[in-house]
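Participant: Next comes the structure file start.cif, holding mmCIF, N, CA and C atoms.
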```cif
data_query
#
loop_
_atom_site.label_atom_id
_atom_site.label_comp_id
_atom_site.auth_asym_id
_atom_site.auth_seq_id
_atom_site.Cartn_x
_atom_site.Cartn_y
_atom_site.Cartn_z
N MET O 1 -19.23 0.09 0.97
CA MET O 1 -18.20 -0.92 0.94
C MET O 1 -17.01 -0.46 0.10
N ILE O 2 -17.32 0.19 -1.02
CA ILE O 2 -16.24 0.68 -1.88
C ILE O 2 -15.41 1.73 -1.15
N ALA O 3 -16.08 2.65 -0.47
CA ALA O 3 -15.35 3.72 0.23
C ALA O 3 -14.46 3.14 1.32
N GLY O 4 -14.95 2.18 2.06
CA GLY O 4 -14.16 1.56 3.12
C GLY O 4 -12.96 0.80 2.57
N ALA O 5 -13.18 0.06 1.49
CA ALA O 5 -12.08 -0.68 0.88
C ALA O 5 -11.03 0.27 0.30
N LEU O 6 -11.48 1.38 -0.27
CA LEU O 6 -10.53 2.35 -0.81
C LEU O 6 -9.69 2.99 0.29
N ALA O 7 -10.30 3.24 1.44
CA ALA O 7 -9.53 3.78 2.57
C ALA O 7 -8.45 2.80 3.00
N THR O 8 -8.78 1.51 3.00
CA THR O 8 -7.79 0.50 3.36
C THR O 8 -6.70 0.40 2.30
N VAL O 9 -7.07 0.48 1.04
CA VAL O 9 -6.08 0.46 -0.05
C VAL O 9 -5.14 1.66 0.09
N ALA O 10 -5.67 2.80 0.46
CA ALA O 10 -4.82 3.99 0.65
C ALA O 10 -3.83 3.76 1.79
N ARG O 11 -4.31 3.21 2.91
CA ARG O 11 -3.42 2.93 4.05
C ARG O 11 -2.35 1.91 3.68
N LEU O 12 -2.74 0.84 3.00
CA LEU O 12 -1.78 -0.18 2.57
C LEU O 12 -0.71 0.42 1.65
N SER O 13 -1.13 1.28 0.75
CA SER O 13 -0.20 1.86 -0.22
C SER O 13 0.79 2.80 0.45
N VAL O 14 0.32 3.63 1.35
CA VAL O 14 1.22 4.54 2.07
C VAL O 14 2.19 3.74 2.93
N SER O 15 1.68 2.73 3.62
CA SER O 15 2.53 1.91 4.47
C SER O 15 3.61 1.21 3.65
N TYR O 16 3.22 0.61 2.54
CA TYR O 16 4.17 -0.09 1.69
C TYR O 16 5.22 0.87 1.13
N ALA O 17 4.78 2.03 0.67
CA ALA O 17 5.70 2.99 0.05
C ALA O 17 6.69 3.56 1.05
N THR O 18 6.31 3.66 2.31
CA THR O 18 7.26 4.16 3.31
C THR O 18 8.22 3.07 3.79
N GLU O 19 7.79 1.80 3.73
CA GLU O 19 8.66 0.70 4.17
C GLU O 19 9.59 0.22 3.06
N ARG O 20 9.12 0.18 1.84
CA ARG O 20 9.90 -0.35 0.72
C ARG O 20 10.97 0.64 0.32
N ARG O 21 12.21 0.14 0.24
CA ARG O 21 13.33 1.00 -0.09
C ARG O 21 13.90 0.61 -1.46
N GLN O 22 14.28 1.64 -2.20
CA GLN O 22 14.91 1.44 -3.50
C GLN O 22 15.94 2.55 -3.68
N PHE O 23 17.12 2.21 -4.14
CA PHE O 23 18.21 3.17 -4.34
C PHE O 23 18.53 3.89 -3.03
N GLY O 24 18.43 3.18 -1.92
CA GLY O 24 18.82 3.71 -0.63
C GLY O 24 17.81 4.62 0.06
N ARG O 25 16.60 4.71 -0.44
CA ARG O 25 15.59 5.54 0.21
C ARG O 25 14.20 4.93 -0.01
N PRO O 26 13.25 5.32 0.82
CA PRO O 26 11.89 4.77 0.65
C PRO O 26 11.31 5.19 -0.69
N ILE O 27 10.53 4.31 -1.30
CA ILE O 27 9.97 4.66 -2.61
C ILE O 27 8.97 5.81 -2.47
N ALA O 28 8.48 6.06 -1.27
CA ALA O 28 7.58 7.20 -1.05
C ALA O 28 8.29 8.53 -1.29
N ALA O 29 9.61 8.53 -1.34
CA ALA O 29 10.36 9.76 -1.58
C ALA O 29 10.39 10.13 -3.06
N PHE O 30 10.01 9.20 -3.93
CA PHE O 30 10.03 9.48 -5.36
C PHE O 30 8.74 10.19 -5.76
N GLN O 31 8.89 11.21 -6.59
CA GLN O 31 7.75 12.05 -6.97
C GLN O 31 6.66 11.24 -7.68
N ALA O 32 7.02 10.34 -8.54
CA ALA O 32 6.02 9.54 -9.27
C ALA O 32 5.18 8.71 -8.31
N VAL O 33 5.82 8.14 -7.30
CA VAL O 33 5.09 7.34 -6.30
C VAL O 33 4.21 8.27 -5.47
N GLN O 34 4.71 9.44 -5.12
CA GLN O 34 3.90 10.40 -4.36
C GLN O 34 2.64 10.78 -5.12
N GLN O 35 2.77 10.95 -6.43
CA GLN O 35 1.59 11.29 -7.25
C GLN O 35 0.55 10.18 -7.20
N HIS O 36 0.99 8.93 -7.24
CA HIS O 36 0.06 7.80 -7.13
C HIS O 36 -0.60 7.78 -5.76
N LEU O 37 0.18 8.02 -4.72
CA LEU O 37 -0.38 8.02 -3.36
C LEU O 37 -1.42 9.12 -3.18
N VAL O 38 -1.15 10.29 -3.74
CA VAL O 38 -2.12 11.39 -3.67
C VAL O 38 -3.39 11.03 -4.42
N ALA O 39 -3.26 10.43 -5.59
CA ALA O 39 -4.43 10.03 -6.38
C ALA O 39 -5.28 9.02 -5.62
N ILE O 40 -4.64 8.07 -4.97
CA ILE O 40 -5.37 7.06 -4.19
C ILE O 40 -6.11 7.73 -3.04
N ALA O 41 -5.42 8.61 -2.32
CA ALA O 41 -6.05 9.30 -1.18
C ALA O 41 -7.21 10.17 -1.64
N GLN O 42 -7.05 10.85 -2.77
CA GLN O 42 -8.14 11.67 -3.30
C GLN O 42 -9.35 10.82 -3.66
N ASP O 43 -9.12 9.71 -4.33
CA ASP O 43 -10.22 8.83 -4.71
C ASP O 43 -10.93 8.27 -3.49
N ALA O 44 -10.16 7.85 -2.48
CA ALA O 44 -10.76 7.32 -1.26
C ALA O 44 -11.59 8.38 -0.54
N SER O 45 -11.07 9.59 -0.46
CA SER O 45 -11.79 10.68 0.20
C SER O 45 -13.05 11.06 -0.56
N LEU O 46 -12.95 11.12 -1.87
CA LEU O 46 -14.10 11.48 -2.70
C LEU O 46 -15.21 10.43 -2.59
N ALA O 47 -14.83 9.17 -2.66
CA ALA O 47 -15.83 8.10 -2.54
C ALA O 47 -16.47 8.11 -1.15
N GLY O 48 -15.66 8.36 -0.11
CA GLY O 48 -16.21 8.44 1.24
C GLY O 48 -17.17 9.60 1.41
N ALA O 49 -16.82 10.75 0.87
CA ALA O 49 -17.70 11.92 0.97
C ALA O 49 -19.00 11.70 0.20
N ALA O 50 -18.91 11.08 -0.97
CA ALA O 50 -20.12 10.80 -1.75
C ALA O 50 -21.02 9.81 -1.04
N ALA O 51 -20.43 8.80 -0.43
CA ALA O 51 -21.23 7.81 0.31
C ALA O 51 -21.89 8.45 1.52
N GLU O 52 -21.16 9.30 2.23
CA GLU O 52 -21.75 9.99 3.39
C GLU O 52 -22.89 10.91 2.95
N GLY O 53 -22.72 11.60 1.84
CA GLY O 53 -23.77 12.46 1.32
C GLY O 53 -25.02 11.68 0.95
N ALA O 54 -24.82 10.53 0.32
CA ALA O 54 -25.96 9.69 -0.05
C ALA O 54 -26.64 9.09 1.18
N ALA O 55 -25.87 8.81 2.22
CA ALA O 55 -26.45 8.27 3.45
C ALA O 55 -27.27 9.34 4.19
N ARG O 56 -26.80 10.58 4.15
CA ARG O 56 -27.52 11.68 4.79
C ARG O 56 -28.80 12.03 4.07
N SER O 57 -28.75 12.00 2.75
CA SER O 57 -29.90 12.38 1.94
C SER O 57 -30.07 11.33 0.84
N PRO O 58 -30.72 10.22 1.15
CA PRO O 58 -30.75 9.08 0.22
C PRO O 58 -31.76 9.22 -0.92
N GLY O 59 -31.66 10.32 -1.66
CA GLY O 59 -32.51 10.50 -2.84
C GLY O 59 -31.89 9.84 -4.05
N PRO O 60 -32.65 9.71 -5.12
CA PRO O 60 -32.13 9.04 -6.33
C PRO O 60 -30.90 9.75 -6.92
N PHE O 61 -30.88 11.08 -6.91
CA PHE O 61 -29.73 11.81 -7.45
C PHE O 61 -28.48 11.53 -6.62
N GLU O 62 -28.60 11.60 -5.30
CA GLU O 62 -27.44 11.40 -4.42
C GLU O 62 -26.90 9.97 -4.52
N ILE O 63 -27.80 9.01 -4.58
CA ILE O 63 -27.38 7.61 -4.68
C ILE O 63 -26.68 7.36 -6.02
N ALA O 64 -27.26 7.87 -7.10
CA ALA O 64 -26.65 7.69 -8.42
C ALA O 64 -25.29 8.38 -8.50
N ALA O 65 -25.20 9.57 -7.94
CA ALA O 65 -23.92 10.29 -7.95
C ALA O 65 -22.87 9.56 -7.12
N ALA O 66 -23.26 9.04 -5.96
CA ALA O 66 -22.32 8.31 -5.10
C ALA O 66 -21.83 7.04 -5.78
N LYS O 67 -22.72 6.31 -6.42
CA LYS O 67 -22.32 5.08 -7.12
C LYS O 67 -21.41 5.40 -8.30
N THR O 68 -21.70 6.48 -9.01
CA THR O 68 -20.85 6.88 -10.13
C THR O 68 -19.45 7.22 -9.65
N VAL O 69 -19.38 8.04 -8.61
CA VAL O 69 -18.08 8.47 -8.08
C VAL O 69 -17.31 7.28 -7.50
N ALA O 70 -17.99 6.44 -6.72
CA ALA O 70 -17.32 5.31 -6.07
C ALA O 70 -16.81 4.30 -7.10
N SER O 71 -17.61 4.01 -8.11
CA SER O 71 -17.18 3.04 -9.13
C SER O 71 -15.98 3.55 -9.90
N ARG O 72 -15.98 4.82 -10.24
CA ARG O 72 -14.84 5.41 -10.95
C ARG O 72 -13.60 5.41 -10.06
N ALA O 73 -13.79 5.76 -8.80
CA ALA O 73 -12.66 5.79 -7.86
C ALA O 73 -12.08 4.39 -7.65
N ALA O 74 -12.94 3.36 -7.65
CA ALA O 74 -12.45 1.99 -7.49
C ALA O 74 -11.49 1.62 -8.61
N LEU O 75 -11.80 2.05 -9.81
CA LEU O 75 -10.94 1.76 -10.95
C LEU O 75 -9.63 2.53 -10.88
N THR O 76 -9.70 3.84 -10.70
CA THR O 76 -8.49 4.65 -10.75
C THR O 76 -7.58 4.43 -9.54
N ALA O 77 -8.17 4.23 -8.37
CA ALA O 77 -7.36 4.03 -7.16
C ALA O 77 -6.64 2.69 -7.19
N THR O 78 -7.31 1.64 -7.65
CA THR O 78 -6.63 0.34 -7.69
C THR O 78 -5.52 0.34 -8.73
N ARG O 79 -5.73 1.04 -9.84
CA ARG O 79 -4.64 1.15 -10.82
C ARG O 79 -3.42 1.81 -10.20
N ALA O 80 -3.65 2.92 -9.50
CA ALA O 80 -2.54 3.64 -8.86
C ALA O 80 -1.90 2.80 -7.77
N ALA O 81 -2.71 2.08 -7.00
CA ALA O 81 -2.17 1.25 -5.92
C ALA O 81 -1.28 0.15 -6.47
N HIS O 82 -1.68 -0.44 -7.57
CA HIS O 82 -0.85 -1.50 -8.15
C HIS O 82 0.41 -0.92 -8.81
N GLN O 83 0.38 0.31 -9.21
CA GLN O 83 1.61 0.96 -9.67
C GLN O 83 2.58 1.15 -8.50
N VAL O 84 2.05 1.52 -7.35
CA VAL O 84 2.90 1.71 -6.17
C VAL O 84 3.49 0.38 -5.72
N HIS O 85 2.66 -0.65 -5.67
CA HIS O 85 3.09 -1.94 -5.15
C HIS O 85 3.85 -2.80 -6.16
N GLY O 86 3.66 -2.54 -7.43
CA GLY O 86 4.28 -3.39 -8.43
C GLY O 86 3.70 -4.79 -8.35
N ALA O 87 4.50 -5.79 -8.66
CA ALA O 87 4.03 -7.18 -8.66
C ALA O 87 3.63 -7.66 -7.27
N MET O 88 4.18 -7.04 -6.25
CA MET O 88 3.85 -7.43 -4.88
C MET O 88 2.35 -7.34 -4.61
N GLY O 89 1.68 -6.42 -5.26
CA GLY O 89 0.26 -6.21 -5.03
C GLY O 89 -0.62 -7.38 -5.42
N MET O 90 -0.15 -8.26 -6.27
CA MET O 90 -0.96 -9.41 -6.70
C MET O 90 -0.49 -10.73 -6.11
N THR O 91 0.50 -10.71 -5.25
CA THR O 91 0.94 -11.97 -4.65
C THR O 91 -0.06 -12.46 -3.63
N GLN O 92 -0.09 -13.76 -3.43
CA GLN O 92 -1.04 -14.39 -2.51
C GLN O 92 -0.79 -13.93 -1.07
N GLU O 93 0.44 -13.66 -0.73
CA GLU O 93 0.79 -13.31 0.65
C GLU O 93 0.37 -11.89 1.03
N TYR O 94 0.19 -11.03 0.05
CA TYR O 94 -0.09 -9.63 0.33
C TYR O 94 -1.58 -9.33 0.16
N ARG O 95 -2.14 -8.48 1.00
CA ARG O 95 -3.58 -8.26 1.07
C ARG O 95 -4.17 -7.38 -0.04
N LEU O 96 -3.37 -6.64 -0.75
CA LEU O 96 -3.91 -5.68 -1.72
C LEU O 96 -4.80 -6.35 -2.75
N HIS O 97 -4.40 -7.50 -3.25
CA HIS O 97 -5.19 -8.12 -4.32
C HIS O 97 -6.58 -8.51 -3.84
N HIS O 98 -6.75 -8.82 -2.56
CA HIS O 98 -8.09 -9.13 -2.05
C HIS O 98 -9.00 -7.91 -2.17
N PHE O 99 -8.49 -6.76 -1.78
CA PHE O 99 -9.28 -5.53 -1.88
C PHE O 99 -9.52 -5.14 -3.34
N SER O 100 -8.50 -5.28 -4.16
CA SER O 100 -8.64 -4.92 -5.58
C SER O 100 -9.70 -5.76 -6.26
N ARG O 101 -9.66 -7.04 -6.04
CA ARG O 101 -10.63 -7.93 -6.68
C ARG O 101 -12.06 -7.61 -6.23
N ARG O 102 -12.23 -7.32 -4.94
CA ARG O 102 -13.56 -6.96 -4.45
C ARG O 102 -14.00 -5.62 -5.04
N LEU O 103 -13.10 -4.66 -5.08
CA LEU O 103 -13.44 -3.35 -5.65
C LEU O 103 -13.85 -3.47 -7.12
N TRP O 104 -13.13 -4.29 -7.86
CA TRP O 104 -13.47 -4.48 -9.27
C TRP O 104 -14.84 -5.13 -9.41
N ALA O 105 -15.15 -6.07 -8.53
CA ALA O 105 -16.47 -6.72 -8.58
C ALA O 105 -17.57 -5.74 -8.17
N TRP O 106 -17.36 -5.01 -7.08
CA TRP O 106 -18.36 -4.06 -6.60
C TRP O 106 -18.60 -2.95 -7.62
N ARG O 107 -17.57 -2.61 -8.34
CA ARG O 107 -17.69 -1.55 -9.35
C ARG O 107 -18.76 -1.89 -10.37
N SER O 108 -18.87 -3.15 -10.73
CA SER O 108 -19.83 -3.57 -11.75
C SER O 108 -21.19 -3.96 -11.18
N GLU O 109 -21.25 -4.29 -9.90
CA GLU O 109 -22.52 -4.70 -9.33
C GLU O 109 -23.53 -3.56 -9.39
N PHE O 110 -24.72 -3.86 -9.80
CA PHE O 110 -25.83 -2.90 -9.93
C PHE O 110 -25.53 -1.82 -10.96
N GLY O 111 -24.58 -2.07 -11.85
CA GLY O 111 -24.25 -1.12 -12.91
C GLY O 111 -22.95 -0.38 -12.62
N ASP O 112 -22.16 -0.20 -13.67
CA ASP O 112 -20.89 0.52 -13.50
C ASP O 112 -21.11 2.02 -13.59
N GLU O 113 -20.01 2.76 -13.56
CA GLU O 113 -20.13 4.23 -13.54
C GLU O 113 -20.75 4.79 -14.82
N GLN O 114 -20.54 4.13 -15.96
CA GLN O 114 -21.15 4.62 -17.20
C GLN O 114 -22.68 4.53 -17.13
N ARG O 115 -23.18 3.43 -16.60
CA ARG O 115 -24.63 3.26 -16.50
C ARG O 115 -25.24 4.32 -15.59
N TRP O 116 -24.61 4.55 -14.43
CA TRP O 116 -25.15 5.53 -13.48
C TRP O 116 -24.99 6.95 -13.98
N ALA O 117 -23.89 7.22 -14.66
CA ALA O 117 -23.71 8.56 -15.24
C ALA O 117 -24.75 8.81 -16.32
N SER O 118 -25.08 7.80 -17.09
CA SER O 118 -26.13 7.94 -18.11
C SER O 118 -27.49 8.21 -17.46
N ARG O 119 -27.77 7.53 -16.36
CA ARG O 119 -29.03 7.77 -15.65
C ARG O 119 -29.10 9.19 -15.11
N LEU O 120 -27.98 9.64 -14.54
CA LEU O 120 -27.93 11.01 -14.03
C LEU O 120 -28.13 12.01 -15.17
N GLY O 121 -27.41 11.80 -16.26
CA GLY O 121 -27.52 12.69 -17.41
C GLY O 121 -28.93 12.71 -17.98
N GLY O 122 -29.56 11.55 -18.05
CA GLY O 122 -30.93 11.48 -18.54
C GLY O 122 -31.90 12.22 -17.66
N ALA O 123 -31.75 12.08 -16.35
CA ALA O 123 -32.62 12.79 -15.41
C ALA O 123 -32.43 14.30 -15.51
N LEU O 124 -31.18 14.73 -15.64
CA LEU O 124 -30.92 16.16 -15.78
C LEU O 124 -31.45 16.70 -17.10
N HIS O 125 -31.30 15.92 -18.15
CA HIS O 125 -31.81 16.35 -19.45
C HIS O 125 -33.34 16.47 -19.42
N ALA O 126 -33.98 15.50 -18.79
CA ALA O 126 -35.45 15.53 -18.69
C ALA O 126 -35.93 16.72 -17.85
N ALA O 127 -35.14 17.09 -16.84
CA ALA O 127 -35.53 18.21 -15.98
C ALA O 127 -35.39 19.55 -16.70
N GLY O 128 -34.50 19.61 -17.68
CA GLY O 128 -34.31 20.85 -18.42
C GLY O 128 -33.09 21.62 -17.95
N ALA O 129 -32.59 22.47 -18.83
CA ALA O 129 -31.37 23.22 -18.56
C ALA O 129 -31.50 24.15 -17.36
N GLU O 130 -32.67 24.71 -17.14
CA GLU O 130 -32.85 25.64 -16.03
C GLU O 130 -32.77 24.94 -14.67
N GLN O 131 -32.86 23.61 -14.66
CA GLN O 131 -32.80 22.85 -13.40
C GLN O 131 -31.39 22.38 -13.07
N LEU O 132 -30.43 22.57 -13.96
CA LEU O 132 -29.09 22.04 -13.75
C LEU O 132 -28.49 22.52 -12.44
N TYR O 133 -28.39 23.81 -12.24
CA TYR O 133 -27.78 24.33 -11.02
C TYR O 133 -28.58 23.96 -9.77
N PRO O 134 -29.90 24.09 -9.77
CA PRO O 134 -30.66 23.67 -8.59
C PRO O 134 -30.46 22.19 -8.24
N VAL O 135 -30.32 21.33 -9.24
CA VAL O 135 -30.08 19.91 -8.96
C VAL O 135 -28.69 19.70 -8.37
N ILE O 136 -27.71 20.39 -8.92
CA ILE O 136 -26.34 20.25 -8.41
C ILE O 136 -26.28 20.71 -6.96
N THR O 137 -26.94 21.80 -6.63
CA THR O 137 -26.87 22.32 -5.26
C THR O 137 -27.89 21.71 -4.33
N GLY O 138 -29.03 21.26 -4.86
CA GLY O 138 -30.09 20.76 -4.01
C GLY O 138 -30.36 19.27 -4.13
N GLY O 139 -29.77 18.61 -5.11
CA GLY O 139 -29.93 17.17 -5.26
C GLY O 139 -31.32 16.77 -5.68
N SER O 140 -31.78 15.67 -5.15
CA SER O 140 -33.06 15.08 -5.55
C SER O 140 -34.24 15.98 -5.28
N ALA O 141 -34.13 16.86 -4.33
CA ALA O 141 -35.23 17.75 -4.00
C ALA O 141 -35.58 18.66 -5.18
N ALA O 142 -34.63 18.92 -6.05
CA ALA O 142 -34.86 19.83 -7.18
C ALA O 142 -35.40 19.13 -8.42
N ILE O 143 -35.31 17.81 -8.45
CA ILE O 143 -35.79 17.08 -9.63
C ILE O 143 -37.25 16.71 -9.45
#
```
For this file, write the structure as structure tokens.
Facilitator:
Amino acid sequence: MIAGALATVARLSVSYATERRQFGRPIAAFQAVQQHLVAIAQDASLAGAAAEGAARSPGPFEIAAAKTVASRAALTATRAAHQVHGAMGMTQEYRLHHFSRRLWAWRSEFGDEQRWASRLGGALHAAGAEQLYPVITGGSAAI
């Protein structure tokens, strides 16, 4: 759900930035806005890839990693999206705030990124230093 909502937030942000004009040109032409748009797209892509990986191989490591990545992306992408949209992003008429509020809620459901990162770190610590690379490359099969 987080990955899908982030993809929509990315589309909304790009669409808004290309339509909204300031100083005679679209705000998407400004480098600062472009940086926010890239950050949103990166977060959406990363969360999508993590979710797909966890769906393909639903082991505890993959699920924990996907939740960690998606929760973090929900926070950073919505911050960037609201920078692009400004106050418009929270108005009742515009859809961004619906996605943002859901992303913020989903981020905390079943534990936020700190909780899942702690679980991952604990599992890796328990497995031992020699298992670090095999877990990173092989996931749950190595733990």
Participant: Determine, counting only C-alpha atoms, which protein, DNA and RNA residues have an atom within 12 Å of an atom of Gly111 in chain O; residues of the same chain fewer than 3 positions away are not included. Present the result as a compact mmCIF listing (two decimals) with N, CA and C atoms, in the frame of the given file.
Facilitator:
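Contents of result.txt, as written:
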```txt
# COMPACT_ATOMS: atom_id res chain seq x y z
N ALA O 64 -27.26 7.87 -7.10
CA ALA O 64 -26.65 7.69 -8.42
C ALA O 64 -25.29 8.38 -8.50
N LYS O 67 -22.72 6.31 -6.42
CA LYS O 67 -22.32 5.08 -7.12
C LYS O 67 -21.41 5.40 -8.30
N THR O 68 -21.70 6.48 -9.01
CA THR O 68 -20.85 6.88 -10.13
C THR O 68 -19.45 7.22 -9.65
N ALA O 70 -17.99 6.44 -6.72
CA ALA O 70 -17.32 5.31 -6.07
C ALA O 70 -16.81 4.30 -7.10
N SER O 71 -17.61 4.01 -8.11
CA SER O 71 -17.18 3.04 -9.13
C SER O 71 -15.98 3.55 -9.90
N ARG O 72 -15.98 4.82 -10.24
CA ARG O 72 -14.84 5.41 -10.95
C ARG O 72 -13.60 5.41 -10.06
N TRP O 104 -13.13 -4.29 -7.86
CA TRP O 104 -13.47 -4.48 -9.27
C TRP O 104 -14.84 -5.13 -9.41
N ALA O 105 -15.15 -6.07 -8.53
CA ALA O 105 -16.47 -6.72 -8.58
C ALA O 105 -17.57 -5.74 -8.17
N TRP O 106 -17.36 -5.01 -7.08
CA TRP O 106 -18.36 -4.06 -6.60
C TRP O 106 -18.60 -2.95 -7.62
N ARG O 107 -17.57 -2.61 -8.34
CA ARG O 107 -17.69 -1.55 -9.35
C ARG O 107 -18.76 -1.89 -10.37
N SER O 108 -18.87 -3.15 -10.73
CA SER O 108 -19.83 -3.57 -11.75
C SER O 108 -21.19 -3.96 -11.18
N GLN O 114 -20.54 4.13 -15.96
CA GLN O 114 -21.15 4.62 -17.20
C GLN O 114 -22.68 4.53 -17.13
N ARG O 115 -23.18 3.43 -16.60
CA ARG O 115 -24.63 3.26 -16.50
C ARG O 115 -25.24 4.32 -15.59
N TRP O 116 -24.61 4.55 -14.43
CA TRP O 116 -25.15 5.53 -13.48
C TRP O 116 -24.99 6.95 -13.98
N ALA O 117 -23.89 7.22 -14.66
CA ALA O 117 -23.71 8.56 -15.24
C ALA O 117 -24.75 8.81 -16.32
N SER O 118 -25.08 7.80 -17.09
CA SER O 118 -26.13 7.94 -18.11
C SER O 118 -27.49 8.21 -17.46
N ARG O 119 -27.77 7.53 -16.36
CA ARG O 119 -29.03 7.77 -15.65
C ARG O 119 -29.10 9.19 -15.11
```
Participant: Name the residues in contact with Ser13 in chain O at a cut-off of 6.5 Å, using all atoms listed in the file, excluding same-chain residues fewer than 5 positions from it; report them as a ChimeraX atom specification.
Facilitator: /O:8,18,81
Participant: Return the single residue from O:Val69, O:Ala80, O:Val14, O:Gly86 that is closest to Gly48 in chain O, with distances computed using only C-alpha atoms.
Facilitator: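 Residue with the minimum atom-to-atom distance to Gly48 in chain O: O:Val69.
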Participant: Run DSSP on the backbone and give me the residues of chain O it puts in strand (DSSP E or B), as a list in words.
Facilitator: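 Those in chain O that DSSP calls strand (DSSP E or B) are Arg21, Gln22, Arg25 and Pro26 of chain O.
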Participant: Step by step, gather every atom of range 25-33 of chain O that the file lists, find the box along x, y and z that holds them, add 5 Å on each side, and finally give centre and edge lengths in Å to one decimal, as JSON.
Facilitator:
```
{"center_x": 10.4, "center_y": 8.2, "center_z": -4.2, "size_x": 22.4, "size_y": 17.7, "size_z": 20.1}
```
Participant: Just say which residues the PyMOL selection byres (((chain O and resi 78 and name CA) around 12) and name CA) picks in this file, as a PyMOL selection string.
Facilitator: chain O and resi 2+5-10+12-13+36-37+39-41+43-44+70-77+79-86+89-90+96-104+107
Participant: Will you model N, CA, C and O atoms for range 80-91 of chain O and pass it back as a PDB file, in the coordinates of the input?
Facilitator:
```
ATOM      1  N   ALA O  80      -3.650   2.920  -9.500  1.00  0.00           N
ATOM      2  CA  ALA O  80      -2.540   3.640  -8.860  1.00  0.00           C
ATOM      3  C   ALA O  80      -1.900   2.800  -7.770  1.00  0.00           C
ATOM      4  O   ALA O  80      -0.668   2.781  -7.627  1.00  0.00           O
ATOM      5  N   ALA O  81      -2.710   2.080  -7.000  1.00  0.00           N
ATOM      6  CA  ALA O  81      -2.170   1.250  -5.920  1.00  0.00           C
ATOM      7  C   ALA O  81      -1.280   0.150  -6.470  1.00  0.00           C
ATOM      8  O   ALA O  81      -0.213  -0.149  -5.902  1.00  0.00           O
ATOM      9  N   HIS O  82      -1.680  -0.440  -7.570  1.00  0.00           N
ATOM     10  CA  HIS O  82      -0.850  -1.500  -8.150  1.00  0.00           C
ATOM     11  C   HIS O  82       0.410  -0.920  -8.810  1.00  0.00           C
ATOM     12  O   HIS O  82       1.421  -1.622  -8.890  1.00  0.00           O
ATOM     13  N   GLN O  83       0.380   0.310  -9.210  1.00  0.00           N
ATOM     14  CA  GLN O  83       1.610   0.960  -9.670  1.00  0.00           C
ATOM     15  C   GLN O  83       2.580   1.150  -8.500  1.00  0.00           C
ATOM     16  O   GLN O  83       3.774   0.936  -8.654  1.00  0.00           O
ATOM     17  N   VAL O  84       2.050   1.520  -7.350  1.00  0.00           N
ATOM     18  CA  VAL O  84       2.900   1.710  -6.170  1.00  0.00           C
ATOM     19  C   VAL O  84       3.490   0.380  -5.720  1.00  0.00           C
ATOM     20  O   VAL O  84       4.676   0.284  -5.414  1.00  0.00           O
ATOM     21  N   HIS O  85       2.660  -0.650  -5.670  1.00  0.00           N
ATOM     22  CA  HIS O  85       3.090  -1.940  -5.150  1.00  0.00           C
ATOM     23  C   HIS O  85       3.850  -2.800  -6.160  1.00  0.00           C
ATOM     24  O   HIS O  85       4.559  -3.720  -5.763  1.00  0.00           O
ATOM     25  N   GLY O  86       3.660  -2.540  -7.430  1.00  0.00           N
ATOM     26  CA  GLY O  86       4.280  -3.390  -8.430  1.00  0.00           C
ATOM     27  C   GLY O  86       3.700  -4.790  -8.350  1.00  0.00           C
ATOM     28  O   GLY O  86       2.542  -4.990  -7.986  1.00  0.00           O
ATOM     29  N   ALA O  87       4.500  -5.790  -8.660  1.00  0.00           N
ATOM     30  CA  ALA O  87       4.030  -7.180  -8.660  1.00  0.00           C
ATOM     31  C   ALA O  87       3.630  -7.660  -7.270  1.00  0.00           C
ATOM     32  O   ALA O  87       2.819  -8.564  -7.139  1.00  0.00           O
ATOM     33  N   MET O  88       4.180  -7.040  -6.250  1.00  0.00           N
ATOM     34  CA  MET O  88       3.850  -7.430  -4.880  1.00  0.00           C
ATOM     35  C   MET O  88       2.350  -7.340  -4.610  1.00  0.00           C
ATOM     36  O   MET O  88       1.801  -8.115  -3.838  1.00  0.00           O
ATOM     37  N   GLY O  89       1.680  -6.420  -5.260  1.00  0.00           N
ATOM     38  CA  GLY O  89       0.260  -6.210  -5.030  1.00  0.00           C
ATOM     39  C   GLY O  89      -0.620  -7.380  -5.420  1.00  0.00           C
ATOM     40  O   GLY O  89      -1.752  -7.483  -4.945  1.00  0.00           O
ATOM     41  N   MET O  90      -0.150  -8.260  -6.270  1.00  0.00           N
ATOM     42  CA  MET O  90      -0.960  -9.410  -6.700  1.00  0.00           C
ATOM     43  C   MET O  90      -0.490 -10.730  -6.110  1.00  0.00           C
ATOM     44  O   MET O  90      -1.056 -11.771  -6.432  1.00  0.00           O
ATOM     45  N   THR O  91       0.500 -10.710  -5.250  1.00  0.00           N
ATOM     46  CA  THR O  91       0.940 -11.970  -4.650  1.00  0.00           C
ATOM     47  C   THR O  91      -0.060 -12.460  -3.630  1.00  0.00           C
ATOM     48  O   THR O  91      -0.798 -11.680  -3.019  1.00  0.00           O
TER      49      THR O  91
END
```
